[in-house]
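Student: Right, I'll just put the structure down here and ask away after.
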Amino acid sequence: MNKVIMNLLLLSCCLIVTPCLALEKIIISANTTTIKNYHRLLDGKPCEQIDNFNNPQASYRAVLELVFLCQAFNFADPSLKLEIIPAPNYKRAVSIARKGVAHIPSETVWQNEIDNNEFLVSSAIIQAGEMVQGIYTSPENIALLTINDEQQLHNFSVVSQRHWQNDWKTLRALQFKKLFSTTQISSMFKMVGYQRADFLLWTFSSLEDLSQTQHNITLVPVPNLKVTMPDSRHFVVAKNANEAEFVHQTLQQGIARLREERIISLAFGQSGFFNPQVKHWQEVASP
């Protein structure tokens, strides 16, 4: 009889508390470069102590989003541990999560790229229309930096990554002279830095000249022109991962606290991602 009662009590526990068996850790898949810059930003501190994002490492959106994930879970359940496993790029990080090996890829995903059969979706981290990108080129590309109007821009070449579906779709619609694809951010910056391609789309920095430096290549934006991405971005939790529903619910609680504390807007503002300097710049539109 005692055994029956104990089983009933255990069942009651499982119905009331989710998950019944405590989840020991949240597994996050992340680009190796993101992981490196994330730890540089933390500089040995726990993520919850990071409240100043006016930092070169914070110019990477992916790094900010990894901080958001860490702080969100810390807000919702400080007992949860995070384990970050490396991936060579964004696409592989998403693939690792899709298989259930990780709970969450560290970067947000465009809404229109999410398969709801495979992932549980968080509330928006970046709202539709909030993501504005500059047309970044070499400081030596005078021909591009001195164009007089948007139409002249279509005479130049651009490099991106084909698996960045929204960026690729936007660039194709804008009909530039040549559209190159590569699989690494380092290759993109090098191609533009060495003027094998004229420019790439990138988010703005908090620096006075809005320049961005990656892999020892410094690029600057073409003045007075910007591209706005129309979709929203969300974290996704793999349905195949252990205790996916619990992880999703906990993440949602944490994101709500991030919003309440205004951490997302603070981080994006201090990093230059949301940048008042470009508020009145001309929007590049599809022909």
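Naming scheme: A, B, ... for chains in displayed order of the structure tokens; residues 1 onward per chain; ligands 1 onward as shown.
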Taking only residues of range 123-196 of chain A that have an atom at most 10 Å from an atom of range 275-285 of chain A, what is each one's shortest atom pair and its distance in Å to one decimal, using only C-alpha atoms, in chain and number order, as a Markdown table?

Tutor:
```
| residue | atom | partner | partner_atom | distance |
| --- | --- | --- | --- | --- |
| A:Val132 | CA | A:Asn275 | CA | 8.7 |
| A:Gln133 | CA | A:Val278 | CA | 9.7 |
| A:Gly134 | CA | A:Val278 | CA | 9.0 |
| A:Ile135 | CA | A:Val284 | CA | 9.8 |
| A:Asp149 | CA | A:Gln282 | CA | 9.2 |
| A:Glu150 | CA | A:Val284 | CA | 6.4 |
| A:Gln151 | CA | A:Val284 | CA | 8.8 |
| A:Leu153 | CA | A:Val284 | CA | 9.0 |
| A:Thr170 | CA | A:Ala285 | CA | 9.6 |
| A:Ala173 | CA | A:Ala285 | CA | 9.0 |
| A:Leu174 | CA | A:Ala285 | CA | 7.0 |
```

Student: Counting only C-alpha atoms, what is within 6 Å of Leu66 in chain A, bar same-chain residues fewer than 3 positions away, as a list of chain:residue names?

Tutor: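 Selected residues are A:Val63, A:Leu69, A:Ser106.
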
Student: Would you export the selected residues with C-alpha atoms as a short mmCIF file (atom, residue, chain, number, x, y, z; two decimals), in the first residue's frame, please?

Tutor:
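Ended up saving to result.cif:
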```
data_model
loop_
_atom_site.label_atom_id
_atom_site.label_comp_id
_atom_site.auth_asym_id
_atom_site.auth_seq_id
_atom_site.Cartn_x
_atom_site.Cartn_y
_atom_site.Cartn_z
CA VAL A 63 27.15 37.96 -29.11
CA LEU A 69 19.85 33.87 -23.64
CA SER A 106 22.42 30.96 -29.91
#
```

Student: Could you find all residues in range 52-145 of chain A that DSSP calls helix (DSSP H, G or I) from the backbone, and write them as a ChimeraX atom specification?

Tutor: /A:56-59,61-76,90-98,111-113,142-145

Student: For Asn37 in chain A, work out the shell of residues within 12 Å, counting only C-alpha atoms and skipping chain neighbours fewer than 5 positions away, then give it as a list in words.

Tutor: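 Once the adjacent positions are removed, what remains is Ala30, Asn31, Thr32, Leu42, Asp43, Asn55, Pro56, Gln57, Ala58, Ser59, Tyr60, Arg61, Ala62, Val63, Leu64, Glu65, Leu66, Val67, Gln214 and His215 of chain A.
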
Student: For the selection just defined, write its residues with N, CA, C and O atoms to a file, as a PDB file, in the first residue's frame.

Tutor:
```
ATOM      1  N   ALA A  30      26.382  27.269 -30.854  1.00  0.00           N
ATOM      2  CA  ALA A  30      26.806  28.614 -31.256  1.00  0.00           C
ATOM      3  C   ALA A  30      28.021  28.560 -32.173  1.00  0.00           C
ATOM      4  O   ALA A  30      28.868  27.673 -32.064  1.00  0.00           O
ATOM      5  N   ASN A  31      28.086  29.528 -33.049  1.00  0.00           N
ATOM      6  CA  ASN A  31      29.239  29.729 -33.919  1.00  0.00           C
ATOM      7  C   ASN A  31      30.495  29.884 -33.059  1.00  0.00           C
ATOM      8  O   ASN A  31      30.474  30.566 -32.032  1.00  0.00           O
ATOM      9  N   THR A  32      31.582  29.276 -33.469  1.00  0.00           N
ATOM     10  CA  THR A  32      32.817  29.336 -32.692  1.00  0.00           C
ATOM     11  C   THR A  32      33.307  30.782 -32.504  1.00  0.00           C
ATOM     12  O   THR A  32      33.815  31.133 -31.429  1.00  0.00           O
ATOM     13  N   LEU A  42      32.349  38.916 -21.661  1.00  0.00           N
ATOM     14  CA  LEU A  42      32.154  38.592 -20.245  1.00  0.00           C
ATOM     15  C   LEU A  42      33.402  38.891 -19.413  1.00  0.00           C
ATOM     16  O   LEU A  42      33.294  39.327 -18.266  1.00  0.00           O
ATOM     17  N   ASP A  43      34.570  38.634 -19.980  1.00  0.00           N
ATOM     18  CA  ASP A  43      35.844  38.896 -19.299  1.00  0.00           C
ATOM     19  C   ASP A  43      35.863  38.276 -17.900  1.00  0.00           C
ATOM     20  O   ASP A  43      36.291  38.907 -16.923  1.00  0.00           O
ATOM     21  N   ASN A  55      30.953  48.319 -26.094  1.00  0.00           N
ATOM     22  CA  ASN A  55      32.150  47.484 -26.078  1.00  0.00           C
ATOM     23  C   ASN A  55      32.339  46.902 -27.475  1.00  0.00           C
ATOM     24  O   ASN A  55      31.354  46.554 -28.130  1.00  0.00           O
ATOM     25  N   PRO A  56      33.570  46.827 -27.972  1.00  0.00           N
ATOM     26  CA  PRO A  56      33.776  46.291 -29.332  1.00  0.00           C
ATOM     27  C   PRO A  56      33.160  44.915 -29.534  1.00  0.00           C
ATOM     28  O   PRO A  56      32.644  44.614 -30.618  1.00  0.00           O
ATOM     29  N   GLN A  57      33.179  44.055 -28.513  1.00  0.00           N
ATOM     30  CA  GLN A  57      32.607  42.712 -28.666  1.00  0.00           C
ATOM     31  C   GLN A  57      31.090  42.763 -28.788  1.00  0.00           C
ATOM     32  O   GLN A  57      30.476  41.871 -29.356  1.00  0.00           O
ATOM     33  N   ALA A  58      30.479  43.821 -28.246  1.00  0.00           N
ATOM     34  CA  ALA A  58      29.025  43.951 -28.290  1.00  0.00           C
ATOM     35  C   ALA A  58      28.526  44.441 -29.648  1.00  0.00           C
ATOM     36  O   ALA A  58      27.317  44.553 -29.860  1.00  0.00           O
ATOM     37  N   SER A  59      29.448  44.733 -30.570  1.00  0.00           N
ATOM     38  CA  SER A  59      29.027  45.145 -31.905  1.00  0.00           C
ATOM     39  C   SER A  59      28.539  43.959 -32.730  1.00  0.00           C
ATOM     40  O   SER A  59      28.004  44.130 -33.814  1.00  0.00           O
ATOM     41  N   TYR A  60      28.727  42.746 -32.207  1.00  0.00           N
ATOM     42  CA  TYR A  60      28.253  41.536 -32.879  1.00  0.00           C
ATOM     43  C   TYR A  60      26.847  41.208 -32.362  1.00  0.00           C
ATOM     44  O   TYR A  60      26.669  40.925 -31.180  1.00  0.00           O
ATOM     45  N   ARG A  61      25.869  41.234 -33.240  1.00  0.00           N
ATOM     46  CA  ARG A  61      24.498  40.911 -32.817  1.00  0.00           C
ATOM     47  C   ARG A  61      24.447  39.527 -32.177  1.00  0.00           C
ATOM     48  O   ARG A  61      23.771  39.316 -31.159  1.00  0.00           O
ATOM     49  N   ALA A  62      25.157  38.570 -32.761  1.00  0.00           N
ATOM     50  CA  ALA A  62      25.133  37.204 -32.251  1.00  0.00           C
ATOM     51  C   ALA A  62      25.649  37.124 -30.815  1.00  0.00           C
ATOM     52  O   ALA A  62      25.155  36.326 -30.016  1.00  0.00           O
ATOM     53  N   VAL A  63      26.626  37.947 -30.475  1.00  0.00           N
ATOM     54  CA  VAL A  63      27.154  37.963 -29.113  1.00  0.00           C
ATOM     55  C   VAL A  63      26.112  38.520 -28.152  1.00  0.00           C
ATOM     56  O   VAL A  63      25.884  37.977 -27.065  1.00  0.00           O
ATOM     57  N   LEU A  64      25.452  39.606 -28.550  1.00  0.00           N
ATOM     58  CA  LEU A  64      24.389  40.173 -27.715  1.00  0.00           C
ATOM     59  C   LEU A  64      23.289  39.141 -27.471  1.00  0.00           C
ATOM     60  O   LEU A  64      22.781  39.014 -26.344  1.00  0.00           O
ATOM     61  N   GLU A  65      22.930  38.405 -28.496  1.00  0.00           N
ATOM     62  CA  GLU A  65      21.847  37.434 -28.353  1.00  0.00           C
ATOM     63  C   GLU A  65      22.239  36.284 -27.424  1.00  0.00           C
ATOM     64  O   GLU A  65      21.393  35.765 -26.680  1.00  0.00           O
ATOM     65  N   LEU A  66      23.497  35.914 -27.422  1.00  0.00           N
ATOM     66  CA  LEU A  66      23.950  34.881 -26.490  1.00  0.00           C
ATOM     67  C   LEU A  66      23.896  35.408 -25.051  1.00  0.00           C
ATOM     68  O   LEU A  66      23.529  34.684 -24.120  1.00  0.00           O
ATOM     69  N   VAL A  67      24.209  36.682 -24.868  1.00  0.00           N
ATOM     70  CA  VAL A  67      24.055  37.310 -23.552  1.00  0.00           C
ATOM     71  C   VAL A  67      22.581  37.311 -23.140  1.00  0.00           C
ATOM     72  O   VAL A  67      22.237  37.005 -21.988  1.00  0.00           O
ATOM     73  N   GLN A 214      36.174  43.448 -38.365  1.00  0.00           N
ATOM     74  CA  GLN A 214      36.165  42.017 -38.089  1.00  0.00           C
ATOM     75  C   GLN A 214      37.323  41.382 -38.834  1.00  0.00           C
ATOM     76  O   GLN A 214      37.610  41.744 -39.975  1.00  0.00           O
ATOM     77  N   HIS A 215      37.997  40.451 -38.155  1.00  0.00           N
ATOM     78  CA  HIS A 215      39.109  39.715 -38.754  1.00  0.00           C
ATOM     79  C   HIS A 215      40.159  40.674 -39.328  1.00  0.00           C
ATOM     80  O   HIS A 215      40.687  40.473 -40.418  1.00  0.00           O
TER      81      HIS A 215
END
```

Student: Kindly give the distance, in Å, that separates CA of Leu23 in chain A and CA of Ile263 in chain A, rounded to a single decimal.

Tutor: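 A separation of 26.2 Å between them.
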
Student: To one decimal in Å, tell me the separation between CA of Ala267 in chain A and CA of Phe53 in chain A.

Tutor: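 We find that CA of Ala267 in chain A and CA of Phe53 in chain A lie 5.4 Å from each other.
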
Student: Nearest residue to Ile27 in chain A out of A:Gln175, A:Thr108, A:Asn242, A:Asn148, using only C-alpha atoms?

Tutor: A:Asn242

Student: Report as a PyMOL selection string: the residues of range 18-126 of chain A with a DSSP assignment of strand (DSSP E), based on the backbone of this structure.

Tutor: chain A and resi 25-31+81-87+104-105+109-110+119-126

Student: Excluding Glu48 in chain A and its own-chain neighbours fewer than 2 positions away, which residues fall within 10 Å of it when counting only C-alpha atoms? Please give them as number ranges by chain.

Tutor: A: 42, 45-46, 50-51, 67-68, 70-75, 78

Student: Go ahead and write the residues just picked, N, CA, C and O atoms, as a PDB file, in the first residue's frame.

Tutor:
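Result saved to part.pdb:
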```
ATOM      1  N   LEU A  42      32.349  38.916 -21.661  1.00  0.00           N
ATOM      2  CA  LEU A  42      32.154  38.592 -20.245  1.00  0.00           C
ATOM      3  C   LEU A  42      33.402  38.891 -19.413  1.00  0.00           C
ATOM      4  O   LEU A  42      33.294  39.327 -18.266  1.00  0.00           O
ATOM      5  N   LYS A  45      33.334  37.503 -15.974  1.00  0.00           N
ATOM      6  CA  LYS A  45      32.169  37.806 -15.137  1.00  0.00           C
ATOM      7  C   LYS A  45      31.003  36.887 -15.501  1.00  0.00           C
ATOM      8  O   LYS A  45      30.896  36.428 -16.637  1.00  0.00           O
ATOM      9  N   PRO A  46      30.091  36.626 -14.580  1.00  0.00           N
ATOM     10  CA  PRO A  46      28.849  35.934 -14.944  1.00  0.00           C
ATOM     11  C   PRO A  46      28.008  36.836 -15.838  1.00  0.00           C
ATOM     12  O   PRO A  46      28.066  38.066 -15.715  1.00  0.00           O
ATOM     13  N   ILE A  50      26.653  41.700 -16.754  1.00  0.00           N
ATOM     14  CA  ILE A  50      26.934  42.523 -17.925  1.00  0.00           C
ATOM     15  C   ILE A  50      25.792  43.520 -18.115  1.00  0.00           C
ATOM     16  O   ILE A  50      24.652  43.141 -18.388  1.00  0.00           O
ATOM     17  N   ASP A  51      26.091  44.808 -17.932  1.00  0.00           N
ATOM     18  CA  ASP A  51      25.074  45.844 -18.102  1.00  0.00           C
ATOM     19  C   ASP A  51      25.576  47.037 -18.914  1.00  0.00           C
ATOM     20  O   ASP A  51      24.904  48.052 -19.032  1.00  0.00           O
ATOM     21  N   VAL A  67      24.209  36.682 -24.868  1.00  0.00           N
ATOM     22  CA  VAL A  67      24.055  37.310 -23.552  1.00  0.00           C
ATOM     23  C   VAL A  67      22.581  37.311 -23.140  1.00  0.00           C
ATOM     24  O   VAL A  67      22.237  37.005 -21.988  1.00  0.00           O
ATOM     25  N   PHE A  68      21.693  37.659 -24.097  1.00  0.00           N
ATOM     26  CA  PHE A  68      20.257  37.660 -23.789  1.00  0.00           C
ATOM     27  C   PHE A  68      19.792  36.283 -23.320  1.00  0.00           C
ATOM     28  O   PHE A  68      19.034  36.167 -22.357  1.00  0.00           O
ATOM     29  N   CYS A  70      21.573  33.845 -21.939  1.00  0.00           N
ATOM     30  CA  CYS A  70      22.124  33.548 -20.623  1.00  0.00           C
ATOM     31  C   CYS A  70      21.380  34.316 -19.535  1.00  0.00           C
ATOM     32  O   CYS A  70      20.990  33.750 -18.505  1.00  0.00           O
ATOM     33  N   GLN A  71      21.139  35.602 -19.765  1.00  0.00           N
ATOM     34  CA  GLN A  71      20.452  36.410 -18.759  1.00  0.00           C
ATOM     35  C   GLN A  71      18.990  36.007 -18.616  1.00  0.00           C
ATOM     36  O   GLN A  71      18.442  36.029 -17.508  1.00  0.00           O
ATOM     37  N   ALA A  72      18.346  35.636 -19.708  1.00  0.00           N
ATOM     38  CA  ALA A  72      16.941  35.225 -19.650  1.00  0.00           C
ATOM     39  C   ALA A  72      16.783  33.988 -18.771  1.00  0.00           C
ATOM     40  O   ALA A  72      15.895  33.935 -17.901  1.00  0.00           O
ATOM     41  N   PHE A  73      17.623  32.980 -18.982  1.00  0.00           N
ATOM     42  CA  PHE A  73      17.528  31.772 -18.169  1.00  0.00           C
ATOM     43  C   PHE A  73      17.921  32.047 -16.718  1.00  0.00           C
ATOM     44  O   PHE A  73      17.360  31.449 -15.795  1.00  0.00           O
ATOM     45  N   ASN A  74      18.860  32.958 -16.518  1.00  0.00           N
ATOM     46  CA  ASN A  74      19.239  33.297 -15.145  1.00  0.00           C
ATOM     47  C   ASN A  74      18.088  34.000 -14.421  1.00  0.00           C
ATOM     48  O   ASN A  74      17.840  33.755 -13.235  1.00  0.00           O
ATOM     49  N   PHE A  75      17.369  34.877 -15.125  1.00  0.00           N
ATOM     50  CA  PHE A  75      16.204  35.527 -14.545  1.00  0.00           C
ATOM     51  C   PHE A  75      15.136  34.497 -14.158  1.00  0.00           C
ATOM     52  O   PHE A  75      14.556  34.550 -13.077  1.00  0.00           O
ATOM     53  N   PRO A  78      17.712  30.599 -11.877  1.00  0.00           N
ATOM     54  CA  PRO A  78      19.168  30.696 -11.695  1.00  0.00           C
ATOM     55  C   PRO A  78      19.854  29.345 -11.472  1.00  0.00           C
ATOM     56  O   PRO A  78      21.080  29.256 -11.612  1.00  0.00           O
TER      57      PRO A  78
END
```

Student: Let me make sure I understand: among A:Gly254, A:Gly272, A:Pro88, A:Gly193, which one has the smallest atom-to-atom distance to Val220 in chain A if we use only C-alpha atoms?

Tutor: A:Gly193

Student: For Trp168 in chain A, which residue among A:Phe204, A:Phe156, A:Tyr38, A:Phe180 is the nearest when counting only C-alpha atoms?

Tutor: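 For Trp168 in chain A, the nearest of the given residues is A:Phe180.
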
Student: Using only C-alpha atoms, which of the listed residues (A:Asn116, A:Gln165, A:Thr137, A:Leu145) sits closest to Met188 in chain A?

Tutor: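 That would be A:Thr137, the residue with the smallest distance to Met188 in chain A.
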
Student: Using only C-alpha atoms, find the one residue out of A:Thr146, A:Ser138, A:Gln252, A:Asn117 that sits nearest to Ala76 in chain A.

Tutor: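 That would be A:Gln252, the residue with the smallest distance to Ala76 in chain A.
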
Student: Between A:Glu83, A:Asp115, A:Glu107, A:Glu130, which residue has the minimum interatomic distance to Met229 in chain A, considering only C-alpha atoms?

Tutor: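 Result for the nearest residue to Met229 in chain A: A:Glu130.
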
Student: Residues within 12 Å of Ile96 in chain A, please, as a count of residues only. Count only C-alpha atoms; anything in the same chain fewer than 2 positions from it doesn't count.

Tutor: 29

Student: What does the structure give for the distance between CA of Leu179 in chain A and CA of Val159 in chain A, in Å to one decimal?

Tutor: 5.8 Å

Student: For Phe273 in chain A, work out the shell of residues within 7 Å, counting only C-alpha atoms and skipping chain neighbours fewer than 2 positions away, then give it as number ranges by chain.

Tutor: A: 203-205, 268-269, 271, 275

Student: So that I have them on file, write out the residues from the current selection with N, CA, C and O atoms, as a JSON list (two decimals), in the first residue's frame.

Tutor:
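The resulting file, result.json, is shown below:
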```
[["chain", "number", "residue", "atom", "x", "y", "z"],
["A", 203, "THR", "N", 25.17, 45.46, -39.71],
["A", 203, "THR", "CA", 24.56, 46.38, -38.76],
["A", 203, "THR", "C", 25.55, 47.46, -38.34],
["A", 203, "THR", "O", 26.77, 47.27, -38.40],
["A", 204, "PHE", "N", 25.01, 48.60, -37.91],
["A", 204, "PHE", "CA", 25.85, 49.74, -37.57],
["A", 204, "PHE", "C", 26.53, 49.55, -36.21],
["A", 204, "PHE", "O", 26.04, 48.80, -35.36],
["A", 205, "SER", "N", 27.64, 50.26, -36.02],
["A", 205, "SER", "CA", 28.35, 50.22, -34.75],
["A", 205, "SER", "C", 28.04, 51.49, -33.95],
["A", 205, "SER", "O", 27.39, 52.42, -34.44],
["A", 268, "PHE", "N", 21.01, 46.91, -27.51],
["A", 268, "PHE", "CA", 21.00, 47.27, -28.92],
["A", 268, "PHE", "C", 21.29, 48.75, -29.12],
["A", 268, "PHE", "O", 21.91, 49.14, -30.12],
["A", 269, "GLY", "N", 20.89, 49.59, -28.17],
["A", 269, "GLY", "CA", 21.18, 51.01, -28.28],
["A", 269, "GLY", "C", 22.64, 51.32, -28.05],
["A", 269, "GLY", "O", 23.27, 52.04, -28.85],
["A", 271, "SER", "N", 25.19, 49.35, -28.31],
["A", 271, "SER", "CA", 26.06, 48.70, -29.30],
["A", 271, "SER", "C", 26.03, 49.37, -30.66],
["A", 271, "SER", "O", 26.89, 49.13, -31.50],
["A", 275, "ASN", "N", 20.47, 52.69, -34.05],
["A", 275, "ASN", "CA", 21.38, 53.82, -34.13],
["A", 275, "ASN", "C", 20.68, 55.11, -34.58],
["A", 275, "ASN", "O", 20.25, 55.21, -35.73]]
```

Student: Neighbouring residues of Ser181 in chain A were defined as those with any atom within 6 Å, considering only C-alpha atoms; residues of the same chain fewer than 2 positions away were excluded. Please report them as a PDB file with N, CA, C and O atoms, in the first residue's frame.

Tutor:
```pdb
ATOM      1  N   VAL A 159      28.545  40.972 -51.496  1.00  0.00           N
ATOM      2  CA  VAL A 159      28.788  39.609 -51.035  1.00  0.00           C
ATOM      3  C   VAL A 159      27.925  39.345 -49.799  1.00  0.00           C
ATOM      4  O   VAL A 159      27.721  40.218 -48.955  1.00  0.00           O
ATOM      5  N   SER A 160      27.405  38.124 -49.715  1.00  0.00           N
ATOM      6  CA  SER A 160      26.592  37.711 -48.578  1.00  0.00           C
ATOM      7  C   SER A 160      26.739  36.199 -48.422  1.00  0.00           C
ATOM      8  O   SER A 160      27.679  35.604 -48.967  1.00  0.00           O
ATOM      9  N   GLN A 161      25.820  35.590 -47.694  1.00  0.00           N
ATOM     10  CA  GLN A 161      25.787  34.132 -47.567  1.00  0.00           C
ATOM     11  C   GLN A 161      24.427  33.638 -48.034  1.00  0.00           C
ATOM     12  O   GLN A 161      23.394  34.103 -47.564  1.00  0.00           O
ATOM     13  N   ARG A 162      24.452  32.709 -48.961  1.00  0.00           N
ATOM     14  CA  ARG A 162      23.219  32.230 -49.579  1.00  0.00           C
ATOM     15  C   ARG A 162      22.252  31.650 -48.546  1.00  0.00           C
ATOM     16  O   ARG A 162      21.037  31.755 -48.696  1.00  0.00           O
TER      17      ARG A 162
END
```
